[in-house]
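Novice: Structure: work_33.txt, compact mmCIF, C-alpha atoms and all ligand atoms.
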```
# COMPACT_ATOMS: atom_id res chain seq x y z
CA MET A 1 36.82 -16.45 -20.84
CA SER A 2 36.88 -15.64 -17.10
CA SER A 3 33.85 -16.46 -15.02
CA PHE A 4 32.00 -14.18 -12.60
CA LYS A 5 29.90 -16.12 -10.10
CA VAL A 6 26.90 -14.57 -8.46
CA GLY A 7 25.08 -15.59 -5.27
CA LEU A 8 21.56 -14.47 -4.41
CA VAL A 9 19.87 -14.31 -1.02
CA GLY A 10 16.09 -13.86 -1.09
CA LEU A 11 13.68 -15.42 -3.54
CA GLY A 12 10.63 -13.18 -3.20
CA THR A 13 9.28 -10.71 -5.76
CA VAL A 14 12.68 -9.26 -6.71
CA GLY A 15 14.74 -12.43 -6.26
CA SER A 16 12.51 -14.44 -8.58
CA GLY A 17 12.74 -11.63 -11.13
CA VAL A 18 16.55 -11.85 -10.98
CA VAL A 19 16.48 -15.63 -11.52
CA ASN A 20 14.18 -15.20 -14.51
CA LEU A 21 16.50 -12.62 -16.09
CA PHE A 22 19.55 -14.85 -15.66
CA ASN A 23 17.68 -17.87 -17.06
CA GLU A 24 16.61 -15.88 -20.10
CA HIS A 25 19.69 -13.81 -20.90
CA THR A 26 22.85 -15.63 -19.79
CA GLN A 27 24.29 -15.50 -23.31
CA MET A 28 23.53 -11.80 -23.70
CA TYR A 29 25.15 -10.98 -20.33
CA GLN A 30 28.26 -12.84 -21.47
CA GLU A 31 28.39 -10.78 -24.66
CA ARG A 32 27.92 -7.54 -22.74
CA THR A 33 30.60 -8.16 -20.12
CA GLY A 34 33.05 -10.39 -21.92
CA ARG A 35 32.77 -12.78 -18.97
CA SER A 36 30.72 -15.83 -18.13
CA VAL A 37 28.34 -14.31 -15.58
CA GLN A 38 26.52 -17.13 -13.78
CA LEU A 39 23.90 -17.18 -11.08
CA ALA A 40 25.56 -19.99 -9.15
CA HIS A 41 24.09 -20.21 -5.65
CA ILE A 42 20.75 -19.14 -4.16
CA GLY A 43 19.90 -18.88 -0.48
CA ALA A 44 16.17 -19.04 0.21
CA ARG A 45 14.06 -20.44 3.01
CA ARG A 46 11.49 -21.66 0.50
CA ASP A 47 11.10 -22.09 -3.24
CA ASN A 48 9.19 -19.61 -5.37
CA PRO A 49 6.92 -21.03 -8.10
CA ASN A 50 7.45 -17.86 -10.16
CA CYS A 51 10.97 -18.89 -11.15
CA ASP A 52 12.87 -22.00 -12.21
CA THR A 53 15.95 -22.79 -10.10
CA THR A 54 16.52 -26.28 -11.56
CA ASN A 55 20.12 -25.75 -12.59
CA ILE A 56 21.15 -23.55 -9.68
CA LYS A 57 22.46 -24.67 -6.28
CA VAL A 58 19.94 -23.73 -3.58
CA SER A 59 20.68 -23.58 0.17
CA ARG A 60 18.22 -23.02 3.00
CA ASP A 61 20.90 -21.41 5.17
CA LEU A 62 21.51 -17.95 3.69
CA PHE A 63 25.02 -17.76 5.14
CA ASP A 64 26.01 -20.77 3.02
CA VAL A 65 25.85 -18.41 0.03
CA VAL A 66 27.70 -15.59 1.81
CA ASN A 67 30.48 -17.99 2.79
CA ASP A 68 30.66 -19.80 -0.57
CA GLU A 69 34.25 -19.28 -1.73
CA ASP A 70 33.31 -19.59 -5.40
CA ILE A 71 31.00 -16.56 -5.29
CA ASP A 72 32.38 -13.18 -6.49
CA LEU A 73 29.28 -11.11 -5.80
CA LEU A 74 26.26 -11.39 -3.51
CA ILE A 75 22.82 -10.05 -4.41
CA GLU A 76 20.81 -9.23 -1.27
CA VAL A 77 17.06 -8.97 -1.77
CA ILE A 78 15.63 -10.23 1.52
CA GLY A 79 14.85 -6.71 2.81
CA GLY A 80 14.96 -5.43 6.40
CA THR A 81 17.94 -4.03 8.26
CA ASP A 82 19.01 -6.77 10.71
CA LEU A 83 19.62 -10.11 8.98
CA ALA A 84 20.21 -8.24 5.71
CA TYR A 85 22.92 -6.18 7.43
CA ASP A 86 24.64 -9.30 8.81
CA LEU A 87 24.56 -11.00 5.40
CA VAL A 88 25.84 -7.95 3.52
CA ALA A 89 28.54 -7.13 6.10
CA LYS A 90 29.77 -10.72 6.10
CA ALA A 91 29.83 -10.89 2.31
CA LEU A 92 31.85 -7.65 2.13
CA GLN A 93 34.25 -8.97 4.79
CA ASN A 94 34.58 -12.11 2.65
CA LYS A 95 35.68 -9.72 -0.14
CA LYS A 96 32.63 -10.19 -2.31
CA HIS A 97 30.98 -7.28 -4.06
CA VAL A 98 27.38 -6.76 -2.95
CA VAL A 99 24.37 -5.58 -4.94
CA THR A 100 21.24 -4.78 -2.96
CA ALA A 101 17.74 -3.48 -3.64
CA ASN A 102 17.37 -2.62 0.04
CA LYS A 103 16.80 1.13 0.51
CA ALA A 104 16.15 0.84 4.25
CA LEU A 105 19.51 -0.91 4.67
CA ILE A 106 21.41 1.78 2.72
CA ALA A 107 19.58 4.70 4.34
CA MET A 108 19.83 3.39 7.90
CA ARG A 109 23.11 1.47 7.93
CA GLY A 110 24.85 2.50 4.73
CA ASN A 111 27.59 4.46 6.54
CA GLU A 112 28.87 1.34 8.28
CA LEU A 113 28.51 -0.87 5.22
CA PHE A 114 30.32 1.52 2.86
CA GLU A 115 33.22 1.58 5.35
CA ILE A 116 33.37 -2.21 5.45
CA ALA A 117 33.26 -2.35 1.64
CA GLN A 118 36.11 0.14 1.33
CA ALA A 119 38.22 -1.60 3.95
CA ASN A 120 37.87 -4.85 1.99
CA GLY A 121 38.42 -3.39 -1.49
CA VAL A 122 34.98 -4.34 -2.80
CA SER A 123 31.87 -2.42 -3.91
CA LEU A 124 28.37 -2.09 -2.49
CA ARG A 125 25.92 -1.12 -5.23
CA PHE A 126 22.22 -0.28 -4.92
CA GLU A 127 20.68 0.91 -8.21
CA ALA A 128 17.47 -1.01 -7.47
CA ALA A 129 17.06 0.68 -4.09
CA VAL A 130 15.68 3.89 -5.60
CA ALA A 131 12.94 4.28 -8.22
CA GLY A 132 12.84 0.58 -9.19
CA GLY A 133 13.84 0.10 -12.81
CA ILE A 134 14.89 3.71 -13.51
CA PRO A 135 18.70 3.99 -13.62
CA ILE A 136 18.62 7.13 -11.50
CA ILE A 137 21.68 6.23 -9.45
CA LYS A 138 23.75 5.72 -12.58
CA ALA A 139 22.42 9.04 -13.89
CA LEU A 140 23.45 10.88 -10.72
CA THR A 141 26.82 9.22 -10.19
CA GLU A 142 27.96 8.81 -13.80
CA GLY A 143 25.78 10.50 -16.43
CA LEU A 144 25.64 13.79 -14.52
CA ALA A 145 29.09 13.52 -12.94
CA ALA A 146 30.21 16.78 -14.57
CA ASN A 147 27.49 18.79 -12.81
CA ASP A 148 26.95 20.45 -9.49
CA ILE A 149 23.50 19.01 -8.70
CA THR A 150 21.11 21.62 -7.33
CA SER A 151 17.91 19.63 -6.89
CA VAL A 152 16.51 16.11 -7.02
CA GLU A 153 12.78 15.68 -6.69
CA GLY A 154 10.12 13.28 -7.76
CA ILE A 155 7.73 10.42 -7.23
CA ILE A 156 9.77 7.66 -5.62
CA ASN A 157 7.18 5.32 -4.14
CA GLY A 158 5.26 3.24 -6.65
CA THR A 159 2.68 1.99 -4.17
CA GLY A 160 1.76 5.49 -3.06
CA ASN A 161 1.50 6.72 -6.64
CA PHE A 162 -0.62 3.70 -7.58
CA ILE A 163 -2.98 4.39 -4.67
CA LEU A 164 -3.32 8.13 -5.38
CA THR A 165 -3.85 7.50 -9.09
CA GLU A 166 -6.55 4.86 -8.56
CA MET A 167 -8.33 6.95 -5.91
CA ALA A 168 -8.29 10.06 -8.13
CA SER A 169 -9.17 8.45 -11.45
CA LYS A 170 -11.58 5.71 -10.37
CA GLY A 171 -12.82 6.89 -6.99
CA ARG A 172 -11.55 3.66 -5.41
CA GLU A 173 -11.12 3.21 -1.65
CA PHE A 174 -7.65 3.60 -0.15
CA GLY A 175 -7.61 0.14 1.52
CA ASP A 176 -8.84 -1.65 -1.58
CA VAL A 177 -6.09 -0.15 -3.76
CA LEU A 178 -3.43 -0.85 -1.14
CA ALA A 179 -4.48 -4.53 -1.08
CA GLU A 180 -4.08 -4.66 -4.87
CA ALA A 181 -0.61 -3.05 -4.65
CA GLN A 182 0.37 -5.72 -2.13
CA ALA A 183 -0.93 -8.52 -4.38
CA LEU A 184 1.06 -7.08 -7.30
CA GLY A 185 4.27 -7.14 -5.22
CA TYR A 186 4.69 -3.36 -5.17
CA ALA A 187 4.25 -2.75 -1.45
CA GLU A 188 6.83 -3.20 1.29
CA ALA A 189 6.50 -6.16 3.71
CA ASP A 190 5.19 -3.54 6.13
CA PRO A 191 2.99 -1.35 3.89
CA THR A 192 2.99 1.47 6.42
CA PHE A 193 6.49 2.15 5.00
CA ASP A 194 4.79 3.01 1.70
CA VAL A 195 1.75 4.92 2.89
CA GLU A 196 3.47 6.82 5.72
CA GLY A 197 6.25 8.02 3.41
CA ILE A 198 9.07 6.10 5.12
CA ASP A 199 10.07 4.18 1.99
CA ALA A 200 10.19 7.42 -0.02
CA ALA A 201 12.21 9.04 2.78
CA HIS A 202 14.79 6.21 2.66
CA LYS A 203 15.09 6.71 -1.08
CA LEU A 204 15.29 10.50 -0.96
CA LEU A 205 18.04 10.36 1.64
CA ILE A 206 20.02 8.06 -0.66
CA LEU A 207 19.51 10.44 -3.59
CA ALA A 208 20.61 13.44 -1.50
CA HIS A 209 23.67 11.49 -0.35
CA LEU A 210 24.66 10.86 -3.96
CA ALA A 211 23.70 14.29 -5.30
CA PHE A 212 25.06 16.54 -2.55
CA GLY A 213 27.39 14.34 -0.49
CA LEU A 214 24.91 14.60 2.38
CA GLU A 215 25.53 12.29 5.33
CA LEU A 216 23.16 9.31 5.57
CA ASP A 217 21.31 10.44 8.71
CA PHE A 218 17.66 9.43 8.60
CA SER A 219 16.78 11.59 11.62
CA LYS A 220 17.14 14.67 9.37
CA MET A 221 14.24 13.64 7.09
CA TYR A 222 10.87 15.38 7.17
CA THR A 223 8.39 12.63 6.37
CA GLN A 224 4.67 12.78 5.71
CA GLY A 225 2.64 10.05 3.99
CA ILE A 226 -0.59 9.90 2.02
CA THR A 227 -2.97 8.60 4.68
CA GLN A 228 -4.45 12.04 5.40
CA ILE A 229 -5.35 12.72 1.74
CA THR A 230 -9.12 12.53 1.26
CA PRO A 231 -11.03 11.85 -1.97
CA ALA A 232 -12.36 15.42 -1.61
CA ASP A 233 -8.79 16.80 -1.73
CA LEU A 234 -8.12 14.86 -4.92
CA ASP A 235 -11.31 16.29 -6.48
CA TYR A 236 -10.73 19.87 -5.35
CA ALA A 237 -7.13 19.75 -6.59
CA ARG A 238 -8.37 18.57 -9.97
CA ASP A 239 -11.01 21.37 -10.08
CA LEU A 240 -8.19 23.86 -9.57
CA GLY A 241 -6.00 22.33 -12.32
CA TYR A 242 -3.67 20.28 -10.10
CA ARG A 243 -2.90 16.62 -9.37
CA VAL A 244 -1.86 15.29 -5.96
CA LYS A 245 1.41 13.34 -5.97
CA HIS A 246 3.60 12.08 -3.16
CA LEU A 247 6.94 13.79 -3.75
CA GLY A 248 10.43 13.56 -2.36
CA ILE A 249 12.24 16.90 -2.59
CA ALA A 250 15.97 17.51 -1.98
CA ARG A 251 17.01 21.06 -2.87
CA LYS A 252 20.19 23.00 -2.31
CA ARG A 253 19.61 26.50 -0.99
CA ASP A 254 22.21 29.04 0.17
CA GLU A 255 21.13 28.44 3.78
CA GLY A 256 21.20 24.62 3.61
CA ILE A 257 19.37 21.65 2.15
CA GLU A 258 15.62 21.14 1.98
CA LEU A 259 14.93 17.46 2.51
CA ARG A 260 11.31 16.41 2.67
CA VAL A 261 8.74 13.87 1.50
CA HIS A 262 5.05 14.71 1.52
CA PRO A 263 1.93 14.84 -0.65
CA THR A 264 2.12 17.74 -3.08
CA LEU A 265 -0.19 19.52 -5.51
CA ILE A 266 1.42 19.84 -8.94
CA ALA A 267 -0.08 21.81 -11.83
CA GLU A 268 -1.60 19.35 -14.31
CA GLN A 269 0.56 20.56 -17.21
CA ASN A 270 3.80 19.56 -15.43
CA LEU A 271 5.19 16.25 -16.69
CA ILE A 272 5.40 14.76 -13.19
CA ALA A 273 1.66 15.37 -12.73
CA LYS A 274 1.04 12.96 -15.61
CA VAL A 275 3.13 10.14 -14.11
CA ASP A 276 0.51 7.67 -12.93
CA GLY A 277 0.13 4.23 -11.42
CA VAL A 278 3.25 2.42 -10.27
CA LEU A 279 5.46 4.67 -12.40
CA ASN A 280 8.07 6.81 -10.69
CA ALA A 281 9.68 9.97 -12.06
CA VAL A 282 12.71 11.86 -10.81
CA ALA A 283 13.64 15.38 -11.93
CA VAL A 284 17.29 16.32 -11.47
CA GLU A 285 18.70 19.77 -12.07
CA GLY A 286 22.40 20.05 -12.84
CA SER A 287 24.53 23.19 -13.13
CA ALA A 288 25.65 22.40 -16.68
CA VAL A 289 22.86 20.27 -18.10
CA GLY A 290 19.89 22.15 -16.59
CA PRO A 291 16.65 20.27 -15.86
CA THR A 292 16.44 16.55 -16.67
CA LEU A 293 13.66 14.02 -16.05
CA TYR A 294 13.74 10.23 -15.68
CA SER A 295 10.62 8.08 -15.62
CA GLY A 296 9.78 4.39 -15.50
CA PRO A 297 8.36 1.60 -13.33
CA GLY A 298 9.17 2.21 -9.68
CA ALA A 299 8.39 -1.24 -8.31
CA GLY A 300 7.59 -4.80 -9.35
CA SER A 301 9.54 -7.97 -9.99
CA ALA A 302 11.08 -7.53 -13.45
CA PRO A 303 11.74 -3.75 -13.32
CA THR A 304 13.52 -4.03 -9.97
CA ALA A 305 15.44 -7.10 -11.13
CA SER A 306 16.49 -5.09 -14.20
CA ALA A 307 18.25 -2.59 -11.93
CA VAL A 308 19.80 -5.33 -9.77
CA VAL A 309 21.27 -7.15 -12.77
CA ALA A 310 22.55 -3.88 -14.26
CA ASP A 311 24.69 -3.43 -11.13
CA VAL A 312 25.91 -7.03 -11.38
CA LEU A 313 26.95 -6.53 -15.01
CA ASP A 314 28.66 -3.27 -14.16
CA LEU A 315 30.77 -4.97 -11.51
CA ALA A 316 31.47 -7.94 -13.79
CA ARG A 317 32.90 -5.39 -16.24
CA GLY A 318 35.03 -3.93 -13.45
CA ASN A 319 33.28 -0.57 -13.32
CA VAL A 320 34.20 0.37 -9.77
CA LEU A 321 33.13 3.82 -8.51
CA GLN A 322 34.77 6.13 -6.01
CA PRO A 323 33.00 6.19 -2.64
CA ILE A 324 30.90 9.34 -2.07
CA THR A 325 32.74 12.12 -0.22
CA VAL A 326 30.47 13.23 2.60
CA LYS A 327 30.46 17.00 3.30
CA ALA A 328 29.10 18.63 6.46
CA GLN A 329 25.92 20.43 5.42
CA SER A 330 22.90 21.58 7.35
CA VAL A 331 19.45 20.26 6.57
CA LEU A 332 16.98 23.13 6.95
CA PRO A 333 14.29 22.78 9.61
CA GLN A 334 10.90 22.24 7.98
CA GLY A 335 9.69 25.67 9.20
CA SER A 336 12.27 27.36 6.95
CA ILE A 337 11.28 25.71 3.69
CA GLU A 338 9.45 27.69 1.05
CA SER A 339 6.36 26.46 -0.76
CA ALA A 340 2.93 27.45 -1.93
CA TYR A 341 0.04 25.84 -0.05
CA TYR A 342 -3.39 24.29 -0.56
CA LEU A 343 -5.67 24.82 2.43
CA ARG A 344 -9.04 23.19 3.00
CA LEU A 345 -11.24 24.43 5.82
CA LEU A 346 -14.85 24.43 6.92
CA ALA A 347 -16.26 27.95 7.20
CA LYS A 348 -19.51 28.95 8.88
CA ASP A 349 -21.86 30.28 6.24
CA HIS A 350 -21.90 33.89 7.52
CA ALA A 351 -21.00 37.17 5.89
CA GLY A 352 -17.42 38.24 6.56
CA VAL A 353 -15.94 34.82 7.36
CA LEU A 354 -13.93 34.52 4.16
CA SER A 355 -12.70 38.06 4.36
CA LYS A 356 -11.45 37.40 7.91
CA VAL A 357 -9.62 34.25 6.73
CA THR A 358 -7.88 36.15 3.90
CA GLN A 359 -7.11 38.96 6.35
CA ILE A 360 -5.33 36.49 8.66
CA LEU A 361 -3.34 35.20 5.70
CA SER A 362 -2.39 38.67 4.55
CA SER A 363 -1.24 39.58 8.07
CA TYR A 364 1.47 36.94 7.47
CA ASP A 365 2.18 38.39 4.04
CA ILE A 366 0.53 35.39 2.39
CA SER A 367 -1.62 36.20 -0.61
CA VAL A 368 -4.37 34.07 -2.11
CA GLU A 369 -3.85 32.78 -5.65
CA ALA A 370 -7.16 30.92 -5.89
CA LEU A 371 -10.15 30.39 -3.65
CA ILE A 372 -13.22 28.22 -4.14
CA GLN A 373 -16.17 27.89 -1.87
CA LYS A 374 -18.05 24.63 -2.30
CA GLU A 375 -21.70 23.98 -1.53
CA ALA A 376 -22.62 23.19 2.04
CA THR A 377 -22.94 19.47 2.73
CA PRO A 378 -26.55 18.45 3.56
CA HIS A 379 -27.66 19.13 7.15
CA THR A 380 -24.73 21.41 7.96
CA GLU A 381 -24.35 25.11 7.87
CA GLU A 382 -20.63 24.95 7.13
CA VAL A 383 -19.15 25.25 3.68
CA PRO A 384 -15.87 23.74 2.54
CA VAL A 385 -13.44 26.41 1.35
CA VAL A 386 -10.31 25.64 -0.61
CA ILE A 387 -7.48 28.16 -0.96
CA ILE A 388 -4.23 28.13 -2.91
CA THR A 389 -1.68 30.59 -1.57
CA ASN A 390 1.44 32.11 -3.10
CA ARG A 391 4.89 30.86 -2.13
CA THR A 392 5.75 31.62 1.46
CA ASN A 393 7.76 30.46 4.43
CA GLU A 394 6.31 27.33 6.07
CA GLN A 395 6.45 28.65 9.62
CA ALA A 396 4.41 31.70 8.57
CA MET A 397 1.88 29.33 7.01
CA LEU A 398 1.65 27.18 10.15
CA ASP A 399 1.18 30.27 12.35
CA ALA A 400 -1.55 31.59 10.04
CA ILE A 401 -3.30 28.20 10.11
CA GLU A 402 -3.25 28.22 13.89
CA GLN A 403 -5.03 31.59 13.87
CA ILE A 404 -7.56 30.43 11.28
CA GLU A 405 -8.35 27.40 13.43
CA GLN A 406 -8.85 29.65 16.47
CA PHE A 407 -11.18 31.98 14.56
CA GLU A 408 -14.78 31.22 15.57
CA GLY A 409 -15.95 31.52 11.94
CA THR A 410 -14.21 28.21 11.07
CA VAL A 411 -14.82 24.69 12.34
CA GLY A 412 -12.21 21.99 13.00
CA ALA A 413 -8.72 21.61 11.64
CA VAL A 414 -7.39 23.16 8.43
CA ALA A 415 -6.00 20.57 5.98
CA MET A 416 -2.71 21.73 4.40
CA ILE A 417 -0.96 20.30 1.34
CA ARG A 418 2.14 21.88 -0.18
CA VAL A 419 2.00 23.05 -3.80
CA GLU A 420 5.19 22.74 -5.86
CA ASN A 421 6.29 23.46 -9.37
CA ALA A 422 8.22 20.19 -9.79
CA GLY A 423 9.21 18.44 -13.02
N1 LIG B 501 7.40 -0.46 -2.01
C1 LIG B 501 8.25 0.18 -2.95
C2 LIG B 501 7.40 1.08 -3.84
C3 LIG B 501 8.95 -0.85 -3.78
O1 LIG B 501 6.19 0.92 -3.85
O2 LIG B 501 7.94 1.97 -4.48
C4 LIG B 501 10.03 -0.30 -4.64
O3 LIG B 501 11.04 0.29 -3.89
```
Rewrite the structure of this file - the entire thing - as structure tokens.
Ligand code: HSE
Specialist:
Amino acid sequence: MSSFKVGLVGLGTVGSGVVNLFNEHTQMYQERTGRSVQLAHIGARRDNPNCDTTNIKVSRDLFDVVNDEDIDLLIEVIGGTDLAYDLVAKALQNKKHVVTANKALIAMRGNELFEIAQANGVSLRFEAAVAGGIPIIKALTEGLAANDITSVEGIINGTGNFILTEMASKGREFGDVLAEAQALGYAEADPTFDVEGIDAAHKLLILAHLAFGLELDFSKMYTQGITQITPADLDYARDLGYRVKHLGIARKRDEGIELRVHPTLIAEQNLIAKVDGVLNAVAVEGSAVGPTLYSGPGAGSAPTASAVVADVLDLARGNVLQPITVKAQSVLPQGSIESAYYLRLLAKDHAGVLSKVTQILSSYDISVEALIQKEATPHTEEVPVVIITNRTNEQAMLDAIEQIEQFEGTVGAVAMIRVENAG
């Protein structure tokens, strides 16, 4: 039986999960690939008590693994885009396949790395980079290969979904839930990547690249995180029959591609609205299959390691995929997207204020689907008003909001959250 030797750089949350899987299932991996797949060499600056590396060679210099001639494939799970790039590029140049969980690396520097991989006749695989343990990349590139993909949208940041779920269901504080997500190993090394939407944007760009052949150009992303969502928004959304989720949306339209990540109200009966905690869910629409939905854990040691090892086994079996053919396509400016909207504003408690607000909206051809006026907070004369509009063009919405903010019957800024019919 031929052997297939695997090197690993990084022994944090994901790396330790990979070691644990290999320790537990070596025999099973052999049966599934017909080869002796061994985790042979680990590069890590320090040990991790969450895994046993007793029978595996460990080096403190990560390049010792990359340059190890016995290694057929390198797993990169150190994260970041500098050292990780150098390690991955060098491994590819050394004609080793690479499996990474690093979405920032693929989104920001994937173009260069795919070229190096192709020039050296090896593969760069990244199932774990998007939606943790859900095999969404395999679904897009293999399971749905017969389809023209028209949309990919979903919850693709586990930390953000965990925070929104805990805030909405238990009334917990944002910072407290974020600290728990960090302790559980869900959050990025820099958690602003999670809460500002950057991590989700990396992942959505990768999905759009696979689904539509869109170039990996991060500057095209529209990115908004969850830091502006207030507990009041979560409550008002619930009162109106919605949940607030952080969504990534990539949609093909005749005019170009919508590519955006932002908080979104979703009607509570939609399946994605019920996806809570660290779970992710991705809805993909294909021309032949129609709507499909994939759900599972989006972060964490074992689920992410599950996706990493799946790529390793695929390559051990010799399942090599064609590189993605990139096609020139325009990404629509955010002002041209279409959505419904949730607006929250403070109105002075006078006759005629609400009618003026709806008049401003209707002057932009925006109609009101629902409107609730809450009780005034103690010691103020202003009342919170929440409005759900019909679907409209975003620029029209932004112009209408500007006028509402200028109207002397309202106080302060209008909060806006998009409302979508996803999943
Ligand atoms: N920080 C990421 C998340 C990890 O919370 O989804 C998985 O990519």
Novice: Compile the contact shell of A:Leu371 as a list in words: residues with an atom at most 8 Å away, counting all atoms listed in the file, same-chain residues fewer than 2 positions apart removed.
Specialist: Val368, Glu369, Gln373, Val385, Val386, Ile387 and Ile388 of chain A
Novice: Using only C-alpha atoms and all ligand atoms, find each protein or nucleic acid residue lying at most 10 Å from ligand LIG 501 (chain B); present the set as a ChimeraX atom specification.
Specialist: /A:14,101-104,128-133,155-163,181-182,185-195,198-200,202-203,278-280,297-301,303-304
Novice: Would you export the selected residues with C-alpha atoms as a PDB file, keeping the file's coordinate frame, please?
Specialist:
```pdb
ATOM      1  CA  VAL A  14      12.680  -9.260  -6.710  1.00  0.00           C
ATOM      2  CA  ALA A 101      17.740  -3.480  -3.640  1.00  0.00           C
ATOM      3  CA  ASN A 102      17.370  -2.620   0.040  1.00  0.00           C
ATOM      4  CA  LYS A 103      16.800   1.130   0.510  1.00  0.00           C
ATOM      5  CA  ALA A 104      16.150   0.840   4.250  1.00  0.00           C
ATOM      6  CA  ALA A 128      17.470  -1.010  -7.470  1.00  0.00           C
ATOM      7  CA  ALA A 129      17.060   0.680  -4.090  1.00  0.00           C
ATOM      8  CA  VAL A 130      15.680   3.890  -5.600  1.00  0.00           C
ATOM      9  CA  ALA A 131      12.940   4.280  -8.220  1.00  0.00           C
ATOM     10  CA  GLY A 132      12.840   0.580  -9.190  1.00  0.00           C
ATOM     11  CA  GLY A 133      13.840   0.100 -12.810  1.00  0.00           C
ATOM     12  CA  ILE A 155       7.730  10.420  -7.230  1.00  0.00           C
ATOM     13  CA  ILE A 156       9.770   7.660  -5.620  1.00  0.00           C
ATOM     14  CA  ASN A 157       7.180   5.320  -4.140  1.00  0.00           C
ATOM     15  CA  GLY A 158       5.260   3.240  -6.650  1.00  0.00           C
ATOM     16  CA  THR A 159       2.680   1.990  -4.170  1.00  0.00           C
ATOM     17  CA  GLY A 160       1.760   5.490  -3.060  1.00  0.00           C
ATOM     18  CA  ASN A 161       1.500   6.720  -6.640  1.00  0.00           C
ATOM     19  CA  PHE A 162      -0.620   3.700  -7.580  1.00  0.00           C
ATOM     20  CA  ILE A 163      -2.980   4.390  -4.670  1.00  0.00           C
ATOM     21  CA  ALA A 181      -0.610  -3.050  -4.650  1.00  0.00           C
ATOM     22  CA  GLN A 182       0.370  -5.720  -2.130  1.00  0.00           C
ATOM     23  CA  GLY A 185       4.270  -7.140  -5.220  1.00  0.00           C
ATOM     24  CA  TYR A 186       4.690  -3.360  -5.170  1.00  0.00           C
ATOM     25  CA  ALA A 187       4.250  -2.750  -1.450  1.00  0.00           C
ATOM     26  CA  GLU A 188       6.830  -3.200   1.290  1.00  0.00           C
ATOM     27  CA  ALA A 189       6.500  -6.160   3.710  1.00  0.00           C
ATOM     28  CA  ASP A 190       5.190  -3.540   6.130  1.00  0.00           C
ATOM     29  CA  PRO A 191       2.990  -1.350   3.890  1.00  0.00           C
ATOM     30  CA  THR A 192       2.990   1.470   6.420  1.00  0.00           C
ATOM     31  CA  PHE A 193       6.490   2.150   5.000  1.00  0.00           C
ATOM     32  CA  ASP A 194       4.790   3.010   1.700  1.00  0.00           C
ATOM     33  CA  VAL A 195       1.750   4.920   2.890  1.00  0.00           C
ATOM     34  CA  ILE A 198       9.070   6.100   5.120  1.00  0.00           C
ATOM     35  CA  ASP A 199      10.070   4.180   1.990  1.00  0.00           C
ATOM     36  CA  ALA A 200      10.190   7.420  -0.020  1.00  0.00           C
ATOM     37  CA  HIS A 202      14.790   6.210   2.660  1.00  0.00           C
ATOM     38  CA  LYS A 203      15.090   6.710  -1.080  1.00  0.00           C
ATOM     39  CA  VAL A 278       3.250   2.420 -10.270  1.00  0.00           C
ATOM     40  CA  LEU A 279       5.460   4.670 -12.400  1.00  0.00           C
ATOM     41  CA  ASN A 280       8.070   6.810 -10.690  1.00  0.00           C
ATOM     42  CA  PRO A 297       8.360   1.600 -13.330  1.00  0.00           C
ATOM     43  CA  GLY A 298       9.170   2.210  -9.680  1.00  0.00           C
ATOM     44  CA  ALA A 299       8.390  -1.240  -8.310  1.00  0.00           C
ATOM     45  CA  GLY A 300       7.590  -4.800  -9.350  1.00  0.00           C
ATOM     46  CA  SER A 301       9.540  -7.970  -9.990  1.00  0.00           C
ATOM     47  CA  PRO A 303      11.740  -3.750 -13.320  1.00  0.00           C
ATOM     48  CA  THR A 304      13.520  -4.030  -9.970  1.00  0.00           C
TER      49      THR A 304
END
```
Novice: Kindly give the distance, in Å, that separates atom CA of A:Gly7 and atom CA of A:Glu127, rounded to a single decimal.
Specialist: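 Atom CA of A:Glu127 lies 17.3 Å from atom CA of A:Gly7.
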Novice: So that I can see what lies close to A:Asn390, please list as JSON, numbers by chain the residues with an atom at most 10 Å from it, counting all atoms listed in the file and leaving out residues fewer than 4 positions away in the same chain.
Specialist: {"A": [339, 340, 341, 342, 365, 366, 367, 368, 369, 370, 419]}
Novice: Considering only C-alpha atoms, return as a PDB file with C-alpha atoms, in the frame of the given file whatever protein or nucleic-acid residues lie within 10 Å of A:Gln118, sequence-local ones (same chain, fewer than 5 positions apart) excluded.
Specialist:
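What follows is the written file part.pdb:
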```pdb
ATOM      1  CA  LEU A  92      31.850  -7.650   2.130  1.00  0.00           C
ATOM      2  CA  GLN A  93      34.250  -8.970   4.790  1.00  0.00           C
ATOM      3  CA  LYS A  95      35.680  -9.720  -0.140  1.00  0.00           C
ATOM      4  CA  LEU A 113      28.510  -0.870   5.220  1.00  0.00           C
ATOM      5  CA  SER A 123      31.870  -2.420  -3.910  1.00  0.00           C
ATOM      6  CA  LEU A 124      28.370  -2.090  -2.490  1.00  0.00           C
ATOM      7  CA  GLN A 322      34.770   6.130  -6.010  1.00  0.00           C
ATOM      8  CA  PRO A 323      33.000   6.190  -2.640  1.00  0.00           C
TER       9      PRO A 323
END
```
